[in-house]
Number of protein chains: 2
Amino acid sequence: MGEDKLLERIRQFQNGEDVGLVLLDDTRLIEMWNPEKSLVYQVGYIIKDNPLFKNLDNEKMRRYLNLLHAEIKEYNKDEMLHRAGEKMEKFGLVLYGHVQACCDDMDGNRVIMAEVGRNVTFGESIHFLRLEDEPVYIEATEKTKVLWLSLYDVLANPTDATNADILCRFLSILSNRTMTMHDRIVLLSQHSTREKIILYFDILRRKEKSDTFVVPFSREALADYLAVNRSALSRELSKLQEEGIITFTKNRFTLLRK
Amino acid sequence: MGEDKLLERIRQFQNGEDVGLVLLDDTRLIEMWNPEKSLVYQVGYIIKDNPLFKNLDNEKMRRYLNLLHAEIKEYNKDEMLHRAGEKMEKFGLVLYGHVQACCDDMDGNRVIMAEVGRNVTFGESIHFLRLEDEPVYIEATEKTKVLWLSLYDVLANPTDATNADILCRFLSILSNRTMTMHDRIVLLSQHSTREKIILYFDILRRKEKSDTFVVPFSREALADYLAVNRSALSRELSKLQEEGIITFTKNRFTLLRK
DNA sequence: CCTTTTTCGTTGCTTTTGCAACATTTATAT
DNA sequence: ATATAAATGTTGCAAAAGCAACGAAAAAGG
């Protein structure tokens, strides 16, 4: 395979297309996926930026993925990754696509616990605590590929140097998770629909480092995420646009001023 | 010291009174607090039930507290334990009393991130991640005693058997923390004041395993916690009482039916 | 014990939100 | 391409929540 085609594939992969790729070093592919091999090393390029795998050479990456019983699965839009009440044998890392972790409250309303995009993990706590009967279910909101990882072997022997390192990385993931949940609590603590919208857009702006960003929700899902009525959300978005505070077409929004 | 007086002291201590106590085994004191000793082993009885110290004999408890640089401080009502923007050199564990972790949002409204009672930790993530410039501040809402612990030495040598054990325990704390934050998100996702009240009371009922429970907030703080207007909260509480769904005097509430 | 301050409940009024129904646009399937 | 379904925007009306002001009750301070 020529150098050009190789780089083209990397580009495609970065754009979220599934090109059946494999462990990479910083600039190029070093190994193609071989379906004969039982272990799946498809996705080194992306996860090199994940706190769980940061600053690992390829040899170590291999070892880590082995220890974590890495396994890749692909899901279609609206497909369930995990059902309420089931045990989470592994936790997930989104390679491309988006998933939502939801649960239904007492009145049957859907609560979106988390919206998970590329290179972000989910289900760590439920996996770690080996919880069953949790009301959380997880579904793909578009075509999605997930790297599934198990911590159980690592936990069984935590004094091993590699395992200890993995645990520290996992700890760091969990700590960061509580920080994003903090943000979510502040968001939901806003009293008006308008304040929730503005704060959420501000979070997206900081995340994307741009005044223009794509909201990863349908209007209905966004309403659920902000815990407001869908039509009230639509009304407020229209008002905000009238007042020249935001503009949007489809899910691409721009924050003009605050 | 006689057996009876000993047990009386244990009872007092369990009731939240500060009687200058110390490392205990399951049924009795085994060592009184000696202010001459530099290390503070005042509180074995309570923290024996904390996931961080569960199932440790006294010798191990000593070692763990040493490794974590345990230190005890006492605070009066309304005293600040930690100011926004400061580094958290240690994370805390409430021995008795209550603290609140708060931050102010864009509009200057106070958001209560967490309400922390006896034998519950706080500030783990900010401590672990060594974050500075976090907007969270922590204050005591009554007379409170806190055990401060540092993870830094433990993290410096994670392959040591004891340290690895501590890390796993810490991991378990963090995992459980994300679960309680889940509950908080579901709570804040309720659309009406009434739904928020009922769900919160239901959470307290399950926690206390009793239809009667004490709400650890003033009315104003409870309104902040539920992200509703204070007078709207008062109005709704009165309505719920009229309708025979709850009764209350001061902060002691009873859930009569749902 | 009395005074001062804070907390809590109440109420009228205004604004916001929820709800439901419908129109319009966009996406999906055949 | 066309039909069908789904998502989104719009609007009137009813319900709920926010706001502000006030008085009663409770707590704090001397």
# chains A, B, ... in the order shown; residues from 1 in each chain; ligands from 1

$ select_by_dssp --residues "segment 115-175 of chain B" --states "helix (DSSP H, G or I)" --output "ChimeraX atom specification"
/B:124-128,152-156,161-175

$ write_last_selection --atoms "N, CA and C atoms" --output "compact mmCIF listing (two decimals), in the first residue's frame"
# COMPACT_ATOMS: atom_id res chain seq x y z
N GLU B 124 -12.70 15.02 46.28
CA GLU B 124 -11.72 14.03 45.81
C GLU B 124 -11.18 14.38 44.43
N SER B 125 -12.08 14.74 43.53
CA SER B 125 -11.64 14.96 42.14
C SER B 125 -10.74 16.17 42.01
N ILE B 126 -11.15 17.25 42.65
CA ILE B 126 -10.34 18.47 42.57
C ILE B 126 -8.96 18.22 43.17
N HIS B 127 -8.95 17.44 44.26
CA HIS B 127 -7.67 17.09 44.88
C HIS B 127 -6.84 16.22 43.94
N PHE B 128 -7.45 15.15 43.46
CA PHE B 128 -6.71 14.20 42.63
C PHE B 128 -6.15 14.87 41.39
N TYR B 152 -1.39 12.23 47.48
CA TYR B 152 -0.21 12.45 46.65
C TYR B 152 0.89 11.41 46.87
N ASP B 153 1.20 11.10 48.13
CA ASP B 153 2.23 10.10 48.37
C ASP B 153 1.82 8.74 47.85
N VAL B 154 0.55 8.42 47.99
CA VAL B 154 0.04 7.14 47.51
C VAL B 154 0.20 7.04 46.00
N LEU B 155 -0.11 8.13 45.32
CA LEU B 155 -0.02 8.14 43.86
C LEU B 155 1.43 8.06 43.39
N ALA B 156 2.34 8.53 44.22
CA ALA B 156 3.74 8.55 43.82
C ALA B 156 4.32 7.13 43.72
N ALA B 161 1.79 -2.50 47.71
CA ALA B 161 0.55 -3.24 47.96
C ALA B 161 -0.48 -2.38 48.71
N THR B 162 -0.03 -1.71 49.77
CA THR B 162 -0.96 -0.89 50.53
C THR B 162 -1.49 0.26 49.69
N ASN B 163 -0.59 0.92 48.99
CA ASN B 163 -1.01 2.04 48.15
C ASN B 163 -2.01 1.60 47.09
N ALA B 164 -1.73 0.45 46.48
CA ALA B 164 -2.64 -0.05 45.45
C ALA B 164 -4.02 -0.31 46.04
N ASP B 165 -4.03 -0.82 47.25
CA ASP B 165 -5.32 -1.05 47.91
C ASP B 165 -6.05 0.26 48.15
N ILE B 166 -5.31 1.26 48.60
CA ILE B 166 -5.92 2.57 48.83
C ILE B 166 -6.49 3.12 47.53
N LEU B 167 -5.74 2.96 46.45
CA LEU B 167 -6.23 3.48 45.17
C LEU B 167 -7.53 2.80 44.76
N CYS B 168 -7.60 1.49 44.96
CA CYS B 168 -8.84 0.78 44.61
C CYS B 168 -10.01 1.28 45.45
N ARG B 169 -9.73 1.55 46.71
CA ARG B 169 -10.78 2.08 47.58
C ARG B 169 -11.21 3.47 47.11
N PHE B 170 -10.21 4.25 46.74
CA PHE B 170 -10.51 5.61 46.27
C PHE B 170 -11.36 5.54 45.00
N LEU B 171 -11.00 4.61 44.15
CA LEU B 171 -11.74 4.38 42.91
C LEU B 171 -13.19 4.07 43.21
N SER B 172 -13.38 3.26 44.22
CA SER B 172 -14.73 2.88 44.59
C SER B 172 -15.52 4.09 45.10
N ILE B 173 -14.86 4.95 45.86
CA ILE B 173 -15.49 6.18 46.33
C ILE B 173 -15.92 7.04 45.15
N LEU B 174 -15.00 7.21 44.22
CA LEU B 174 -15.29 8.07 43.06
C LEU B 174 -16.43 7.49 42.23
N SER B 175 -16.44 6.18 42.07
CA SER B 175 -17.51 5.54 41.30
C SER B 175 -18.85 5.79 41.97

$ interface_residues --of "chain A" --to "chain C" --cutoff "9 Å" --atoms "only C-alpha atoms (C1' of nucleotides)" --output "list of chain:residue names"
A:Ser192, A:Thr193, A:Val228, A:Asn229, A:Ser231, A:Ala232

$ interface_residues --of "chain D" --to "chain A" --cutoff "12 Å" --atoms "only C-alpha atoms (C1' of nucleotides)" --output "number ranges by chain"
D: 6-11, 17-18

$ write_last_selection --atoms "C-alpha atoms (C1' of nucleotides)" --output "compact mmCIF listing (two decimals), in the first residue's frame"
# COMPACT_ATOMS: atom_id res chain seq x y z
C1' DA D 6 -40.68 12.05 11.61
C1' DA D 7 -38.88 16.32 13.25
C1' DT D 8 -39.38 21.12 13.93
C1' DG D 9 -41.65 25.56 14.39
C1' DT D 10 -45.86 28.24 15.76
C1' DT D 11 -49.56 29.67 18.55
C1' DA D 17 -43.21 29.59 38.70
C1' DG D 18 -40.83 33.84 39.65

$ closest_residue --among "B:Pro158, B:Gly97, B:Pro51, B:Gly85" --to "chain A" --atoms "only C-alpha atoms"
B:Pro158

$ atom_distance --atom1 "atom CA of Arg205 of chain A" --atom2 "atom CA of Leu255 of chain A"
8.0 Å

$ residues_around --residues "Cys102 of chain B" --least-positions-apart "6" --cutoff "6 Å" --atoms "only C-alpha atoms (C1' of nucleotides)" --output "PyMOL selection string"
chain B and resi 111-113+136-137

$ write_last_selection --atoms "C-alpha atoms" --output "compact mmCIF listing (two decimals), in the first residue's frame"
# COMPACT_ATOMS: atom_id res chain seq x y z
CA VAL B 111 -25.54 26.41 43.06
CA ILE B 112 -25.21 23.75 45.74
CA MET B 113 -23.09 21.07 44.11
CA VAL B 136 -16.10 25.59 43.95
CA TYR B 137 -16.07 26.71 47.56

$ residues_around --residues "Asp105 of chain A" --least-positions-apart "6" --cutoff "10 Å" --atoms "only C-alpha atoms (C1' of nucleotides)" --output "PyMOL selection string"
(chain A and resi 111+135) or (chain B and resi 186-187+189-190+199)

$ write_last_selection --atoms "N, CA and C atoms" --output "short mmCIF file (atom, residue, chain, number, x, y, z; two decimals), in the first residue's frame"
data_model
loop_
_atom_site.label_atom_id
_atom_site.label_comp_id
_atom_site.auth_asym_id
_atom_site.auth_seq_id
_atom_site.Cartn_x
_atom_site.Cartn_y
_atom_site.Cartn_z
N VAL A 111 -34.60 10.84 30.84
CA VAL A 111 -33.55 11.75 31.30
C VAL A 111 -32.25 11.34 30.61
N PRO A 135 -30.93 1.47 36.30
CA PRO A 135 -31.96 1.83 35.32
C PRO A 135 -31.43 2.48 34.05
N VAL B 186 -31.00 13.43 37.75
CA VAL B 186 -32.40 13.03 37.56
C VAL B 186 -33.31 13.96 38.36
N LEU B 187 -32.89 14.29 39.56
CA LEU B 187 -33.67 15.19 40.41
C LEU B 187 -33.87 16.54 39.74
N SER B 189 -33.70 17.20 36.73
CA SER B 189 -34.37 17.08 35.43
C SER B 189 -35.88 17.04 35.56
N GLN B 190 -36.38 16.98 36.78
CA GLN B 190 -37.83 17.04 36.97
C GLN B 190 -38.33 18.42 36.54
N LEU B 199 -39.53 13.61 44.56
CA LEU B 199 -38.39 12.73 44.25
C LEU B 199 -37.30 12.87 45.30
#

$ residues_around --residues "Ile72 of chain A" --least-positions-apart "2" --cutoff "7 Å" --atoms "only C-alpha atoms (C1' of nucleotides)" --output "PyMOL selection string"
chain A and resi 40+70+74+146-148

$ write_last_selection --atoms "N, CA and C atoms" --output "PDB file, in the first residue's frame"
ATOM      1  N   VAL A  40      -8.040  -7.174  18.565  1.00  0.00           N
ATOM      2  CA  VAL A  40      -8.470  -6.097  17.687  1.00  0.00           C
ATOM      3  C   VAL A  40      -7.689  -4.837  17.992  1.00  0.00           C
ATOM      4  N   ALA A  70      -9.731  -5.695  25.096  1.00  0.00           N
ATOM      5  CA  ALA A  70     -10.336  -4.797  24.107  1.00  0.00           C
ATOM      6  C   ALA A  70     -11.119  -5.578  23.058  1.00  0.00           C
ATOM      7  N   GLU A  74     -19.803  -2.553  16.444  1.00  0.00           N
ATOM      8  CA  GLU A  74     -20.372  -1.453  15.683  1.00  0.00           C
ATOM      9  C   GLU A  74     -21.884  -1.468  15.839  1.00  0.00           C
ATOM     10  N   VAL A 146     -17.682   1.252  18.902  1.00  0.00           N
ATOM     11  CA  VAL A 146     -17.298   1.339  20.316  1.00  0.00           C
ATOM     12  C   VAL A 146     -16.190   0.348  20.646  1.00  0.00           C
ATOM     13  N   LEU A 147     -15.201   0.821  21.372  1.00  0.00           N
ATOM     14  CA  LEU A 147     -14.164  -0.051  21.929  1.00  0.00           C
ATOM     15  C   LEU A 147     -14.594  -0.418  23.343  1.00  0.00           C
ATOM     16  N   TRP A 148     -14.826  -1.711  23.556  1.00  0.00           N
ATOM     17  CA  TRP A 148     -15.249  -2.164  24.880  1.00  0.00           C
ATOM     18  C   TRP A 148     -14.052  -2.657  25.685  1.00  0.00           C
TER      19      TRP A 148
END

$ atom_distance --atom1 "atom CA of Leu131 of chain A" --atom2 "atom CA of Lys73 of chain A"
22.0 Å

$ atom_distance --atom1 "atom CA of Leu237 of chain B" --atom2 "atom CA of Phe253 of chain B"
10.3 Å

$ decode --residues "segment 3-29 of chain D" --atoms "N, CA and C atoms (P, O5', C5', C4', C3', O3' and C1' of nucleotides)" --output "mmCIF file, in the first residue's frame"
data_model
loop_
_atom_site.group_PDB
_atom_site.id
_atom_site.type_symbol
_atom_site.label_atom_id
_atom_site.label_comp_id
_atom_site.auth_asym_id
_atom_site.auth_seq_id
_atom_site.Cartn_x
_atom_site.Cartn_y
_atom_site.Cartn_z
ATOM 1 P P DA D 3 -47.271 10.649 -4.809
ATOM 2 O "O5'" DA D 3 -47.181 9.742 -3.503
ATOM 3 C "C5'" DA D 3 -47.099 8.316 -3.639
ATOM 4 C "C4'" DA D 3 -46.794 7.711 -2.288
ATOM 5 C "C3'" DA D 3 -47.714 8.198 -1.161
ATOM 6 O "O3'" DA D 3 -48.054 7.082 -0.347
ATOM 7 C "C1'" DA D 3 -45.473 8.691 -0.618
ATOM 8 P P DT D 4 -49.049 7.251 0.928
ATOM 9 O "O5'" DT D 4 -48.030 7.250 2.134
ATOM 10 C "C5'" DT D 4 -47.075 6.184 2.243
ATOM 11 C "C4'" DT D 4 -46.206 6.435 3.462
ATOM 12 C "C3'" DT D 4 -46.977 6.933 4.684
ATOM 13 O "O3'" DT D 4 -46.710 6.050 5.758
ATOM 14 C "C1'" DT D 4 -45.086 8.312 4.258
ATOM 15 P P DA D 5 -47.255 6.354 7.250
ATOM 16 O "O5'" DA D 5 -45.923 6.860 7.964
ATOM 17 C "C5'" DA D 5 -44.699 6.168 7.726
ATOM 18 C "C4'" DA D 5 -43.575 6.944 8.376
ATOM 19 C "C3'" DA D 5 -43.886 7.394 9.807
ATOM 20 O "O3'" DA D 5 -42.743 7.107 10.599
ATOM 21 C "C1'" DA D 5 -43.258 9.258 8.502
ATOM 22 P P DA D 6 -42.748 7.326 12.169
ATOM 23 O "O5'" DA D 6 -41.783 8.581 12.316
ATOM 24 C "C5'" DA D 6 -40.484 8.528 11.736
ATOM 25 C "C4'" DA D 6 -39.843 9.889 11.838
ATOM 26 C "C3'" DA D 6 -39.916 10.497 13.243
ATOM 27 O "O3'" DA D 6 -38.595 10.838 13.616
ATOM 28 C "C1'" DA D 6 -40.676 12.047 11.607
ATOM 29 P P DA D 7 -38.262 11.536 15.011
ATOM 30 O "O5'" DA D 7 -38.007 13.054 14.607
ATOM 31 C "C5'" DA D 7 -37.068 13.338 13.578
ATOM 32 C "C4'" DA D 7 -37.103 14.814 13.278
ATOM 33 C "C3'" DA D 7 -36.965 15.708 14.507
ATOM 34 O "O3'" DA D 7 -35.947 16.648 14.224
ATOM 35 C "C1'" DA D 7 -38.877 16.323 13.254
ATOM 36 P P DT D 8 -35.479 17.717 15.299
ATOM 37 O "O5'" DT D 8 -36.359 18.981 14.930
ATOM 38 C "C5'" DT D 8 -36.161 19.618 13.683
ATOM 39 C "C4'" DT D 8 -37.178 20.711 13.504
ATOM 40 C "C3'" DT D 8 -37.209 21.743 14.635
ATOM 41 O "O3'" DT D 8 -36.789 22.984 14.095
ATOM 42 C "C1'" DT D 8 -39.377 21.119 13.931
ATOM 43 P P DG D 9 -36.688 24.273 15.027
ATOM 44 O "O5'" DG D 9 -38.063 24.995 14.682
ATOM 45 C "C5'" DG D 9 -38.298 25.390 13.334
ATOM 46 C "C4'" DG D 9 -39.675 26.026 13.220
ATOM 47 C "C3'" DG D 9 -39.944 27.191 14.183
ATOM 48 O "O3'" DG D 9 -40.555 28.225 13.428
ATOM 49 C "C1'" DG D 9 -41.646 25.564 14.389
ATOM 50 P P DT D 10 -40.941 29.610 14.072
ATOM 51 O "O5'" DT D 10 -42.479 29.427 14.432
ATOM 52 C "C5'" DT D 10 -43.399 29.092 13.391
ATOM 53 C "C4'" DT D 10 -44.815 29.200 13.917
ATOM 54 C "C3'" DT D 10 -45.050 30.310 14.942
ATOM 55 O "O3'" DT D 10 -46.177 31.054 14.529
ATOM 56 C "C1'" DT D 10 -45.860 28.243 15.764
ATOM 57 P P DT D 11 -46.542 32.440 15.243
ATOM 58 O "O5'" DT D 11 -47.943 32.147 15.922
ATOM 59 C "C5'" DT D 11 -48.789 31.117 15.425
ATOM 60 C "C4'" DT D 11 -49.791 30.738 16.501
ATOM 61 C "C3'" DT D 11 -49.977 31.778 17.606
ATOM 62 O "O3'" DT D 11 -51.359 31.975 17.810
ATOM 63 C "C1'" DT D 11 -49.558 29.667 18.555
ATOM 64 P P DG D 12 -51.885 33.314 18.525
ATOM 65 O "O5'" DG D 12 -53.019 32.702 19.455
ATOM 66 C "C5'" DG D 12 -53.936 31.750 18.921
ATOM 67 C "C4'" DG D 12 -54.603 30.990 20.051
ATOM 68 C "C3'" DG D 12 -55.034 31.849 21.240
ATOM 69 O "O3'" DG D 12 -56.275 31.335 21.732
ATOM 70 C "C1'" DG D 12 -53.469 30.218 21.974
ATOM 71 P P DC D 13 -57.032 32.074 22.922
ATOM 72 O "O5'" DC D 13 -56.820 31.040 24.107
ATOM 73 C "C5'" DC D 13 -57.091 29.656 23.910
ATOM 74 C "C4'" DC D 13 -56.586 28.875 25.104
ATOM 75 C "C3'" DC D 13 -56.905 29.525 26.449
ATOM 76 O "O3'" DC D 13 -57.459 28.545 27.302
ATOM 77 C "C1'" DC D 13 -54.619 28.990 26.330
ATOM 78 P P DA D 14 -58.079 28.984 28.720
ATOM 79 O "O5'" DA D 14 -57.303 28.011 29.701
ATOM 80 C "C5'" DA D 14 -57.051 26.665 29.288
ATOM 81 C "C4'" DA D 14 -55.993 26.068 30.200
ATOM 82 C "C3'" DA D 14 -56.199 26.391 31.678
ATOM 83 O "O3'" DA D 14 -55.908 25.230 32.442
ATOM 84 C "C1'" DA D 14 -54.082 27.189 30.981
ATOM 85 P P DA D 15 -56.024 25.223 34.045
ATOM 86 O "O5'" DA D 15 -54.501 25.052 34.487
ATOM 87 C "C5'" DA D 15 -53.697 24.100 33.802
ATOM 88 C "C4'" DA D 15 -52.277 24.244 34.276
ATOM 89 C "C3'" DA D 15 -52.138 24.389 35.791
ATOM 90 O "O3'" DA D 15 -51.150 23.474 36.218
ATOM 91 C "C1'" DA D 15 -51.036 26.184 34.697
ATOM 92 P P DA D 16 -50.696 23.389 37.739
ATOM 93 O "O5'" DA D 16 -49.288 24.127 37.678
ATOM 94 C "C5'" DA D 16 -48.394 23.782 36.626
ATOM 95 C "C4'" DA D 16 -47.181 24.676 36.710
ATOM 96 C "C3'" DA D 16 -46.615 24.814 38.114
ATOM 97 O "O3'" DA D 16 -45.242 24.505 38.035
ATOM 98 C "C1'" DA D 16 -46.973 26.954 37.134
ATOM 99 P P DA D 17 -44.270 24.591 39.264
ATOM 100 O "O5'" DA D 17 -43.608 26.004 39.042
ATOM 101 C "C5'" DA D 17 -42.903 26.230 37.835
ATOM 102 C "C4'" DA D 17 -42.323 27.621 37.851
ATOM 103 C "C3'" DA D 17 -41.554 27.943 39.136
ATOM 104 O "O3'" DA D 17 -40.291 28.438 38.786
ATOM 105 C "C1'" DA D 17 -43.209 29.593 38.697
ATOM 106 P P DG D 18 -39.290 29.006 39.859
ATOM 107 O "O5'" DG D 18 -39.432 30.574 39.639
ATOM 108 C "C5'" DG D 18 -39.129 31.108 38.351
ATOM 109 C "C4'" DG D 18 -39.310 32.604 38.371
ATOM 110 C "C3'" DG D 18 -38.524 33.326 39.467
ATOM 111 O "O3'" DG D 18 -37.938 34.486 38.901
ATOM 112 C "C1'" DG D 18 -40.832 33.842 39.652
ATOM 113 P P DC D 19 -36.923 35.375 39.726
ATOM 114 O "O5'" DC D 19 -37.867 36.507 40.333
ATOM 115 C "C5'" DC D 19 -38.664 37.286 39.450
ATOM 116 C "C4'" DC D 19 -39.424 38.316 40.242
ATOM 117 C "C3'" DC D 19 -38.669 38.887 41.451
ATOM 118 O "O3'" DC D 19 -38.696 40.294 41.357
ATOM 119 C "C1'" DC D 19 -40.850 38.191 42.071
ATOM 120 P P DA D 20 -37.759 41.196 42.310
ATOM 121 O "O5'" DA D 20 -38.811 41.949 43.230
ATOM 122 C "C5'" DA D 20 -40.084 42.308 42.696
ATOM 123 C "C4'" DA D 20 -41.004 42.687 43.832
ATOM 124 C "C3'" DA D 20 -40.267 43.230 45.068
ATOM 125 O "O3'" DA D 20 -41.029 44.267 45.610
ATOM 126 C "C1'" DA D 20 -41.574 41.385 45.683
ATOM 127 P P DA D 21 -40.414 45.278 46.684
ATOM 128 O "O5'" DA D 21 -41.659 45.623 47.605
ATOM 129 C "C5'" DA D 21 -42.980 45.243 47.194
ATOM 130 C "C4'" DA D 21 -43.719 44.676 48.384
ATOM 131 C "C3'" DA D 21 -43.199 45.177 49.741
ATOM 132 O "O3'" DA D 21 -44.291 45.702 50.470
ATOM 133 C "C1'" DA D 21 -43.418 42.819 49.742
ATOM 134 P P DC D 22 -44.111 46.483 51.848
ATOM 135 O "O5'" DC D 22 -44.727 45.434 52.867
ATOM 136 C "C5'" DC D 22 -45.995 44.848 52.578
ATOM 137 C "C4'" DC D 22 -46.224 43.681 53.530
ATOM 138 C "C3'" DC D 22 -45.774 43.988 54.963
ATOM 139 O "O3'" DC D 22 -46.872 43.814 55.845
ATOM 140 C "C1'" DC D 22 -45.005 41.865 54.240
ATOM 141 P P DG D 23 -46.751 44.315 57.354
ATOM 142 O "O5'" DG D 23 -47.174 43.022 58.164
ATOM 143 C "C5'" DG D 23 -48.166 42.140 57.627
ATOM 144 C "C4'" DG D 23 -48.013 40.793 58.292
ATOM 145 C "C3'" DG D 23 -47.709 40.877 59.793
ATOM 146 O "O3'" DG D 23 -48.404 39.838 60.456
ATOM 147 C "C1'" DG D 23 -45.979 39.710 58.712
ATOM 148 P P DA D 24 -48.419 39.720 62.027
ATOM 149 O "O5'" DA D 24 -47.938 38.232 62.265
ATOM 150 C "C5'" DA D 24 -48.430 37.196 61.407
ATOM 151 C "C4'" DA D 24 -47.570 35.961 61.616
ATOM 152 C "C3'" DA D 24 -47.244 35.665 63.072
ATOM 153 O "O3'" DA D 24 -47.329 34.271 63.281
ATOM 154 C "C1'" DA D 24 -45.245 35.922 61.840
ATOM 155 P P DA D 25 -47.218 33.628 64.716
ATOM 156 O "O5'" DA D 25 -45.832 32.863 64.629
ATOM 157 C "C5'" DA D 25 -45.597 31.993 63.525
ATOM 158 C "C4'" DA D 25 -44.140 31.595 63.529
ATOM 159 C "C3'" DA D 25 -43.604 31.171 64.897
ATOM 160 O "O3'" DA D 25 -42.986 29.907 64.731
ATOM 161 C "C1'" DA D 25 -42.186 32.796 63.913
ATOM 162 P P DA D 26 -42.424 29.083 65.972
ATOM 163 O "O5'" DA D 26 -40.867 29.248 65.739
ATOM 164 C "C5'" DA D 26 -40.329 28.993 64.439
ATOM 165 C "C4'" DA D 26 -38.885 29.423 64.419
ATOM 166 C "C3'" DA D 26 -38.078 28.970 65.638
ATOM 167 O "O3'" DA D 26 -36.951 28.268 65.149
ATOM 168 C "C1'" DA D 26 -37.775 31.295 65.248
ATOM 169 P P DA D 27 -35.835 27.657 66.089
ATOM 170 O "O5'" DA D 27 -34.662 28.722 65.953
ATOM 171 C "C5'" DA D 27 -34.238 29.097 64.647
ATOM 172 C "C4'" DA D 27 -33.141 30.130 64.750
ATOM 173 C "C3'" DA D 27 -32.064 29.799 65.781
ATOM 174 O "O3'" DA D 27 -30.809 30.024 65.165
ATOM 175 C "C1'" DA D 27 -32.974 31.947 66.207
ATOM 176 P P DA D 28 -29.443 29.807 65.896
ATOM 177 O "O5'" DA D 28 -28.996 31.304 66.210
ATOM 178 C "C5'" DA D 28 -28.996 32.258 65.154
ATOM 179 C "C4'" DA D 28 -28.512 33.595 65.672
ATOM 180 C "C3'" DA D 28 -27.299 33.503 66.604
ATOM 181 O "O3'" DA D 28 -26.390 34.528 66.247
ATOM 182 C "C1'" DA D 28 -29.100 34.605 67.696
ATOM 183 P P DG D 29 -24.995 34.618 66.946
ATOM 184 O "O5'" DG D 29 -25.075 35.965 67.772
ATOM 185 C "C5'" DG D 29 -25.809 37.075 67.268
ATOM 186 C "C4'" DG D 29 -25.924 38.149 68.340
ATOM 187 C "C3'" DG D 29 -24.790 38.122 69.368
ATOM 188 O "O3'" DG D 29 -24.301 39.439 69.564
ATOM 189 C "C1'" DG D 29 -26.896 37.974 70.462
#
